[in-house]
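J.: Coordinates in input_11.pdb, PDB, C-alpha atoms, are listed below.
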```pdb
MODEL        1
ATOM      1  CA  MET A 296     211.571 213.849  52.728
ATOM      2  CA  LYS A 297     209.304 214.690  55.674
ATOM      3  CA  LYS A 298     205.750 213.387  55.674
ATOM      4  CA  LEU A 299     203.239 216.237  55.976
ATOM      5  CA  THR A 300     200.584 216.280  58.680
ATOM      6  CA  GLU A 301     196.940 216.034  57.673
ATOM      7  CA  GLN A 302     196.474 219.718  58.548
ATOM      8  CA  GLU A 303     199.494 220.740  56.431
ATOM      9  CA  ILE A 304     198.109 218.732  53.523
ATOM     10  CA  LYS A 305     194.638 220.241  53.783
ATOM     11  CA  THR A 306     196.100 223.748  53.987
ATOM     12  CA  GLN A 307     198.161 223.233  50.839
ATOM     13  CA  LEU A 308     195.285 221.600  48.951
ATOM     14  CA  LYS A 309     193.312 224.847  49.227
ATOM     15  CA  ASP A 310     195.526 226.153  46.409
ATOM     16  CA  LEU A 311     194.982 223.073  44.217
ATOM     17  CA  LYS A 312     191.602 222.898  42.502
ATOM     18  CA  ASN A 313     189.581 219.755  43.288
ATOM     19  CA  TRP A 314     192.413 217.746  44.844
ATOM     20  CA  GLU A 315     191.448 215.828  47.962
ATOM     21  CA  TYR A 316     193.242 213.951  50.713
ATOM     22  CA  LYS A 317     191.998 210.373  50.819
ATOM     23  CA  ASP A 318     193.471 207.104  52.112
ATOM     24  CA  ASN A 319     196.956 208.599  52.638
ATOM     25  CA  PHE A 320     197.104 210.037  49.080
ATOM     26  CA  ILE A 321     196.233 213.315  47.437
ATOM     27  CA  VAL A 322     193.856 212.412  44.632
ATOM     28  CA  LYS A 323     192.194 214.046  41.666
ATOM     29  CA  ASN A 324     189.850 212.572  39.072
ATOM     30  CA  PHE A 325     189.771 214.160  35.631
ATOM     31  CA  THR A 326     187.207 213.781  32.861
ATOM     32  CA  PHE A 327     187.999 215.061  29.374
ATOM     33  CA  PRO A 328     185.900 215.359  26.225
ATOM     34  CA  THR A 329     188.108 212.861  24.372
ATOM     35  CA  PHE A 330     190.508 209.984  24.864
ATOM     36  CA  PHE A 331     193.259 212.033  23.246
ATOM     37  CA  GLU A 332     192.976 214.790  25.874
ATOM     38  CA  ALA A 333     193.092 212.223  28.687
ATOM     39  CA  TYR A 334     196.129 210.597  27.116
ATOM     40  CA  THR A 335     197.790 214.019  26.780
ATOM     41  CA  LEU A 336     197.494 214.502  30.556
ATOM     42  CA  LEU A 337     199.042 211.076  31.182
ATOM     43  CA  CYS A 338     201.936 211.944  28.844
ATOM     44  CA  LYS A 339     202.511 215.270  30.604
ATOM     45  CA  ALA A 340     202.344 213.520  33.991
ATOM     46  CA  ALA A 341     205.057 211.127  32.779
ATOM     47  CA  PHE A 342     207.338 214.050  31.899
ATOM     48  CA  ILE A 343     206.657 215.704  35.266
ATOM     49  CA  ALA A 344     207.366 212.416  37.048
ATOM     50  CA  GLU A 345     210.734 212.076  35.356
ATOM     51  CA  LYS A 346     211.628 215.727  36.027
ATOM     52  CA  LEU A 347     210.754 215.419  39.729
ATOM     53  CA  ASN A 348     211.956 211.802  40.018
ATOM     54  CA  HIS A 349     208.608 211.091  41.637
ATOM     55  CA  HIS A 350     206.108 208.724  40.074
ATOM     56  CA  PRO A 351     202.343 208.709  40.652
ATOM     57  CA  ASP A 352     199.827 205.944  40.956
ATOM     58  CA  TRP A 353     197.539 206.549  38.008
ATOM     59  CA  SER A 354     194.821 205.064  35.917
ATOM     60  CA  GLY A 355     193.321 206.044  32.614
ATOM     61  CA  VAL A 356     190.200 204.649  30.971
ATOM     62  CA  TYR A 357     188.995 206.288  27.768
ATOM     63  CA  ASN A 358     188.409 209.934  28.766
ATOM     64  CA  LYS A 359     188.954 209.554  32.523
ATOM     65  CA  VAL A 360     192.216 209.851  34.457
ATOM     66  CA  THR A 361     192.864 209.432  38.169
ATOM     67  CA  LEU A 362     196.108 210.620  39.760
ATOM     68  CA  LYS A 363     197.000 209.457  43.271
ATOM     69  CA  LEU A 364     200.104 210.929  44.849
ATOM     70  CA  ASN A 365     202.070 210.024  47.923
ATOM     71  CA  THR A 366     205.701 209.380  48.738
ATOM     72  CA  HIS A 367     206.034 205.675  49.412
ATOM     73  CA  ASP A 368     209.424 206.026  51.157
ATOM     74  CA  ALA A 369     207.970 208.584  53.598
ATOM     75  CA  GLY A 370     204.776 206.627  54.195
ATOM     76  CA  GLY A 371     202.465 209.433  53.140
ATOM     77  CA  VAL A 372     202.106 212.772  51.419
ATOM     78  CA  THR A 373     205.175 215.028  51.236
ATOM     79  CA  GLN A 374     206.002 218.324  49.578
ATOM     80  CA  LYS A 375     207.002 216.340  46.473
ATOM     81  CA  ASP A 376     203.377 215.314  46.042
ATOM     82  CA  ILE A 377     202.093 218.853  46.466
ATOM     83  CA  ASP A 378     204.681 220.059  43.939
ATOM     84  CA  PHE A 379     203.660 217.351  41.463
ATOM     85  CA  ALA A 380     199.989 218.311  41.759
ATOM     86  CA  GLY A 381     200.945 221.960  41.281
ATOM     87  CA  GLU A 382     202.793 221.108  38.063
ATOM     88  CA  ILE A 383     199.708 219.264  36.785
ATOM     89  CA  GLU A 384     197.530 222.289  37.555
ATOM     90  CA  LYS A 385     199.950 224.636  35.737
ATOM     91  CA  PHE A 386     199.804 222.365  32.695
ATOM     92  CA  LEU A 387     196.013 222.331  32.707
ATOM     93  CA  LYS A 388     195.882 226.145  32.810
ATOM     94  CA  SER A 389     198.211 226.486  29.805
TER      95      SER A 389
ENDMDL
END
```
Could I get this file's structure written as structure tokens?
T.:
Amino acid sequence: MKKLTEQEIKTQLKDLKNWEYKDNFIVKNFTFPTFFEAYTLLCKAAFIAEKLNHHPDWSGVYNKVTLKLNTHDAGGVTQKDIDFAGEIEKFLKS
């Protein structure tokens, strides 16, 4: 998969609320009212990862989750990462 340019990434991030391009990843930090809600996002991210065969770097501590996406084989952010972030945003709106 083709690595996106920084400009392509920034253009696509305009459609993804609060995602940023940082250190060769697209990144979003989430804070939830409860641990259970944070854990629910991690579970959904796991299902998305399996569906897309694309696995994020993530961390979760109590009610906080950080998702960092890039395509290791491509050496940066690809359309797979943008698609993954889009799936997360759809889930959060539901």
J.: Tell me which protein, DNA and RNA residues are within 12 Å of segment 326-342 of chain A, counting all atoms listed in the file, leaving out same-chain ones fewer than 6 positions away, and put them as number ranges by chain.
T.: A: 348-364, 379-388
J.: Would you mind reading off the distance between atom CA of Glu345 of chain A and atom CA of Glu315 of chain A, one decimal, in Å?
T.: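 Spanning atom CA of Glu345 of chain A to atom CA of Glu315 of chain A is a straight-line distance of 23.3 Å.
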J.: Take atom CA of Tyr316 of chain A and atom CA of Thr373 of chain A and report the distance between them in Å, one decimal.
T.: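 Interatomic distance here is 12.0 Å.
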J.: Rounded to one decimal in Å, what is the spacing between atom CA of Thr306 of chain A and atom CA of Ala344 of chain A?
T.: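 So the answer is 23.3 Å.
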J.: Find the spatial neighbours of Lys317 of chain A, counting only C-alpha atoms, within a cut-off of 12 Å - ignore same-chain residues fewer than 3 positions away - and output them as an MDAnalysis selection string.
T.: chainID A and resid 301 304:305 308 314 320:323 362:365 371:372
